[in-house]
Structure formats: C-alpha cells, structure tokens
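> Supplied structure: target08.csv, CSV, C-alpha atoms.
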```csv
chain,number,residue,atom,x,y,z
A,1,ASN,CA,16.9,149.6,71.8
A,2,HIS,CA,18.3,149.4,68.3
A,3,ALA,CA,14.8,149.5,66.6
A,4,GLU,CA,13.5,152.1,69.0
A,5,PHE,CA,16.4,154.6,68.6
A,6,GLU,CA,17.5,153.9,65.0
A,7,ASP,CA,15.9,157.1,63.5
A,8,GLN,CA,17.5,159.4,66.1
A,9,ASP,CA,20.9,161.0,65.9
A,10,ASP,CA,23.9,159.8,67.9
A,11,GLU,CA,23.7,162.6,70.5
A,12,ALA,CA,20.2,161.7,71.5
A,13,ARG,CA,21.0,158.0,71.6
A,14,VAL,CA,24.0,158.6,73.8
A,15,GLN,CA,21.8,160.4,76.3
A,16,TYR,CA,19.5,157.4,76.6
A,17,GLU,CA,21.8,154.4,75.9
A,18,GLY,CA,25.3,155.7,76.9
A,19,PHE,CA,28.3,155.4,74.6
A,20,ARG,CA,28.2,152.2,72.4
A,21,PRO,CA,31.3,150.1,71.7
A,22,GLY,CA,33.3,151.6,68.9
A,23,MET,CA,32.2,155.3,69.5
A,24,TYR,CA,34.8,157.9,70.2
A,25,VAL,CA,34.7,159.9,73.4
A,26,HIS,CA,36.3,163.3,73.8
A,27,VAL,CA,38.0,163.6,77.2
A,28,GLU,CA,39.3,166.9,78.6
A,29,ILE,CA,41.7,166.6,81.6
A,30,GLU,CA,42.3,169.7,83.7
A,31,ASN,CA,45.6,170.4,85.6
A,32,LEU,CA,47.6,168.0,83.5
A,33,PRO,CA,51.4,168.1,84.4
A,34,CYS,CA,53.6,169.6,81.7
A,35,GLU,CA,55.8,166.4,81.7
A,36,PHE,CA,52.9,164.5,80.3
A,37,VAL,CA,52.6,166.7,77.3
A,38,GLN,CA,56.4,166.9,76.8
A,39,ASN,CA,56.8,163.2,76.9
A,40,PHE,CA,53.7,162.2,75.0
A,41,ASP,CA,54.1,159.4,72.5
A,42,PRO,CA,51.1,158.8,70.2
A,43,HIS,CA,52.2,155.2,69.6
A,44,TYR,CA,51.9,154.4,73.3
A,45,PRO,CA,48.3,153.9,74.4
A,46,ILE,CA,46.8,155.8,77.3
A,47,ILE,CA,44.3,153.7,79.2
A,48,LEU,CA,41.6,155.5,81.1
A,49,GLY,CA,39.5,153.6,83.6
A,50,GLY,CA,36.6,154.2,85.8
A,51,LEU,CA,33.9,152.6,87.8
A,52,GLY,CA,30.3,152.1,86.8
A,53,ASN,CA,27.4,153.1,88.9
A,54,SER,CA,26.9,149.6,90.3
A,55,GLU,CA,30.6,149.1,91.0
A,56,GLY,CA,30.8,151.6,93.9
A,57,ASN,CA,29.2,149.1,96.4
A,58,VAL,CA,31.0,147.1,99.0
A,59,GLY,CA,31.0,143.3,98.4
A,60,TYR,CA,32.0,140.2,100.2
A,61,VAL,CA,34.4,137.9,98.3
A,62,GLN,CA,35.4,134.4,98.9
A,63,MET,CA,38.4,132.9,97.2
A,64,ARG,CA,41.0,130.0,97.4
A,65,LEU,CA,44.4,131.1,98.5
A,66,LYS,CA,47.8,129.3,98.4
A,67,LYS,CA,51.1,130.8,99.3
A,68,HIS,CA,53.6,130.7,96.5
A,69,ARG,CA,56.7,128.6,97.2
A,70,TRP,CA,59.1,131.5,96.4
A,71,TYR,CA,57.4,133.8,99.0
A,72,LYS,CA,59.5,133.4,102.1
A,73,LYS,CA,57.2,135.1,104.7
A,74,ILE,CA,54.3,133.4,106.4
A,75,LEU,CA,50.9,134.6,105.3
A,76,LYS,CA,48.7,135.4,108.3
A,77,SER,CA,45.0,136.1,108.7
A,78,ARG,CA,44.2,139.8,109.1
A,79,ASP,CA,47.5,140.9,107.4
A,80,PRO,CA,47.0,143.5,104.7
A,81,ILE,CA,47.4,142.1,101.1
A,82,ILE,CA,47.4,143.9,97.8
A,83,PHE,CA,45.5,142.1,95.1
A,84,SER,CA,45.8,142.9,91.3
A,85,VAL,CA,42.7,141.9,89.4
A,86,GLY,CA,42.7,143.0,85.8
A,87,TRP,CA,43.8,146.6,85.8
A,88,ARG,CA,42.5,147.2,89.3
A,89,ARG,CA,44.6,147.0,92.5
A,90,PHE,CA,43.2,147.1,95.9
A,91,GLN,CA,44.3,146.4,99.5
A,92,THR,CA,42.3,144.3,101.8
A,93,ILE,CA,42.6,142.2,105.0
A,94,PRO,CA,41.6,138.6,104.3
A,95,LEU,CA,40.4,136.1,106.9
A,96,CYS,CA,41.9,132.7,106.1
A,97,TYR,CA,39.9,129.5,106.8
A,98,ILE,CA,39.8,125.8,106.1
A,99,GLU,CA,36.6,123.9,105.5
A,100,ASP,CA,36.0,120.8,107.6
A,101,HIS,CA,34.6,117.5,106.3
A,102,ASN,CA,31.2,118.6,107.8
A,103,GLY,CA,31.1,122.0,106.0
A,104,ARG,CA,32.2,124.2,108.9
A,105,GLN,CA,34.7,127.0,108.2
A,106,ARG,CA,37.5,127.1,110.8
A,107,LEU,CA,39.5,130.3,111.1
A,108,LEU,CA,43.3,129.9,110.6
A,109,LYS,CA,45.9,132.1,112.1
A,110,TYR,CA,48.4,131.2,109.4
A,111,THR,CA,47.9,129.9,105.9
A,112,PRO,CA,49.1,126.3,105.4
A,113,GLN,CA,52.4,125.8,103.6
A,114,HIS,CA,51.5,123.8,100.5
A,115,VAL,CA,47.8,123.5,100.8
A,116,HIS,CA,45.0,125.7,99.4
A,117,CYS,CA,42.8,127.4,102.0
A,118,GLY,CA,39.8,129.7,101.7
A,119,ALA,CA,40.0,133.5,102.2
A,120,ALA,CA,37.2,135.9,102.7
A,121,PHE,CA,37.4,139.7,102.6
A,122,TRP,CA,35.4,142.8,102.0
A,123,VAL,CA,36.1,144.9,98.9
A,124,LYS,CA,34.8,148.0,97.4
A,125,ILE,CA,33.8,146.6,94.0
```
As structure tokens, what does this structure read like?

Amino acid sequence: NHAEFEDQDDEARVQYEGFRPGMYVHVEIENLPCEFVQNFDPHYPIILGGLGNSEGNVGYVQMRLKKHRWYKKILKSRDPIIFSVGWRRFQTIPLCYIEDHNGRQRLLKYTPQHVHCGAAFWVKI
C-alpha cells in the first residue's frame, strides 16, 4: 500500500487505508455535559474506544478459571460474572467444566476450591 499510495495526499489515503498510526483525528462529540468542560484537565488523557467492523460478532471463548482464595462466595456455573479484559468489561454466564483423563468435558455445578477448571461462554467480541 505504501508504494501504491505514496503520491496521493493524506485525505485520499485515509479514504482507502483508514487512519495510520501517528495521525491525528478530529473528534466532535455532541450533547457533552457542561461538567466535562468545566472540569477538563489537559494533562489528564481522555481515552476514546470503539469496536472494529469484525469485533461486532458473537464468539465462543474457552478459558481456565480458578477462584481466588480471598473471594468468600462459591462460584457456580451459570452465575453472571463481569470480566475485565484490557479496557473492555463485559458480563457473561460461564459454564464450568473439568476435563477427564479421556478428554471428555464434564459440567460442574460449582467450581473446585483450589483447582483450575475450564469455563466456556459466549461473548460479543
């Protein structure tokens, strides 16, 4: 792309390639509360986030899960949990399982106390 578009101006390149790293983007936000403007500090960064075109799909995620020793409650399958991954937070309902020696995944009602178990859930990625 660099060789193909190097003779064109930045506006034309943005239409084809999108914004490259290091370019500035002008963002206009409508209906901004007055408290934001009154308490604005230019030394404190404002982080804007969004989802790409391919990130709006629903995905199936498998992970290893272990209850932290300080968490007093029992973790159960099908109980809502809030995950923080990077700057994203989402709520989902995991199904906890343990894998047998022959590869079968057995559903668990409760997570084991001091052992890792598997968890599977659907997320909107």
> Near Val27 (chain A), counting only C-alpha atoms, which residues have an atom at most 12 Å away, once you skip same-chain residues fewer than 6 positions from it, shown as a ChimeraX atom specification?
/A:46-49
> Given the choices A:Phe40, A:Phe19, A:Trp87, A:Tyr97, which gets closest to Met63 (chain A) if the distance is worked out from all atoms listed in the file?
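Looking at the shortest contact to Met63 (chain A), the residue is A:Tyr97.
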> Would you work out the distance separating CA of Asp100 (chain A) from CA of Ile81 (chain A), expressed in Å to one decimal?
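Rounded to one decimal, the two atoms are 25.0 Å apart.
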> List the spatial neighbours of region 105-110 of chain A as a list in words - criterion: any atom at most 6 Å away, all atoms listed in the file, same-chain residues fewer than 3 positions off excluded.
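Here the answer would be Leu75, Lys76, Ser77, Cys96, Tyr97, Ile98 and Glu99 of chain A.
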> Could you tell me how far CA of His101 (chain A) sits from CA of His68 (chain A), in Å to one decimal place?
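Distance reported for this atom pair: 25.1 Å.
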> Can you list, as an NGL selection string, every protein, DNA or RNA residue that comes within 12 Å of region 15-18 of chain A when you count only C-alpha atoms, leaving out same-chain residues fewer than 5 positions away?
:A and (1-2 or 4-6 or 8-10 or 23-25 or 52)
> Can you tell me how far CA of Leu32 (chain A) sits from CA of Gly86 (chain A), in Å to one decimal?
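Here the two named atoms are 25.6 Å from each other.
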> Nearest residue to Ala119 (chain A) out of A:Arg88, A:Asp41, A:Leu65, A:Phe83, using all atoms listed in the file?
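Of the candidates, the smallest distance to Ala119 (chain A) is held by A:Leu65.
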> From the list A:Ala120, A:Pro42, A:Asp79, A:Ile74, which residue is nearest Ile93 (chain A) when using only C-alpha atoms?
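The shortest atom-to-atom distance to Ile93 (chain A) comes from A:Asp79.
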> Could you check the closest approach to Lys66 (chain A) for each of A:Cys34, A:Ala3, A:Ala12, A:Cys117 and tell me which residue wins, using all atoms listed in the file?
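For Lys66 (chain A), the nearest of the given residues is A:Cys117.
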> Export region 24-89 of chain A of the preceding structure, keeping C-alpha atoms, as a compact mmCIF listing (two decimals), in the first residue's frame.

```
# COMPACT_ATOMS: atom_id res chain seq x y z
CA TYR A 24 -4.35 12.96 14.37
CA VAL A 25 -8.10 12.51 14.34
CA HIS A 26 -10.55 15.35 14.91
CA VAL A 27 -13.47 14.13 17.02
CA GLU A 28 -16.66 16.11 17.61
CA ILE A 29 -18.89 14.97 20.47
CA GLU A 30 -22.44 16.27 20.60
CA ASN A 31 -24.53 16.75 23.78
CA LEU A 32 -21.49 16.81 26.06
CA PRO A 33 -22.36 17.61 29.70
CA CYS A 34 -21.17 21.02 30.91
CA GLU A 35 -19.36 19.35 33.85
CA PHE A 36 -16.96 17.76 31.40
CA VAL A 37 -15.94 21.15 30.00
CA GLN A 38 -15.76 22.82 33.42
CA ASN A 39 -13.59 20.06 34.93
CA PHE A 40 -11.44 19.43 31.87
CA ASP A 41 -7.74 18.94 32.63
CA PRO A 42 -5.47 18.91 29.53
CA HIS A 43 -2.80 16.97 31.45
CA TYR A 44 -5.18 14.07 32.09
CA PRO A 45 -5.68 11.94 28.95
CA ILE A 46 -9.09 11.17 27.53
CA ILE A 47 -9.27 7.68 26.11
CA LEU A 48 -11.77 7.03 23.34
CA GLY A 49 -12.51 3.47 22.35
CA GLY A 50 -14.60 1.67 19.83
CA LEU A 51 -15.10 -1.62 18.07
CA GLY A 52 -13.82 -2.52 14.64
CA ASN A 53 -16.03 -3.99 11.93
CA SER A 54 -15.03 -7.57 12.73
CA GLU A 55 -15.42 -7.10 16.50
CA GLY A 56 -19.22 -6.94 16.47
CA ASN A 57 -19.58 -10.69 16.11
CA VAL A 58 -20.51 -13.20 18.77
CA GLY A 59 -17.74 -15.59 19.73
CA TYR A 60 -17.30 -18.69 21.83
CA VAL A 61 -14.46 -18.45 24.36
CA GLN A 62 -12.85 -21.16 26.47
CA MET A 63 -10.64 -20.27 29.43
CA ARG A 64 -9.11 -21.67 32.61
CA LEU A 65 -10.74 -20.42 35.78
CA LYS A 66 -9.73 -20.59 39.43
CA LYS A 67 -11.46 -18.98 42.38
CA HIS A 68 -9.26 -16.54 44.24
CA ARG A 69 -8.62 -17.54 47.85
CA TRP A 70 -9.86 -14.16 49.16
CA TYR A 71 -13.21 -14.46 47.38
CA LYS A 72 -15.55 -15.90 50.02
CA LYS A 73 -18.52 -16.90 47.87
CA ILE A 74 -18.80 -20.13 45.90
CA LEU A 75 -18.54 -19.71 42.13
CA LYS A 76 -21.33 -21.57 40.36
CA SER A 77 -21.92 -22.45 36.74
CA ARG A 78 -24.50 -20.21 35.08
CA ASP A 79 -23.95 -17.33 37.55
CA PRO A 80 -23.31 -13.96 35.88
CA ILE A 81 -19.67 -12.80 36.08
CA ILE A 82 -18.15 -9.49 34.96
CA PHE A 83 -14.81 -9.85 33.16
CA SER A 84 -12.33 -7.03 32.58
CA VAL A 85 -10.11 -7.69 29.58
CA GLY A 86 -7.93 -4.74 28.71
CA TRP A 87 -10.17 -1.68 28.68
CA ARG A 88 -13.26 -3.73 27.91
CA ARG A 89 -15.69 -5.01 30.53
```
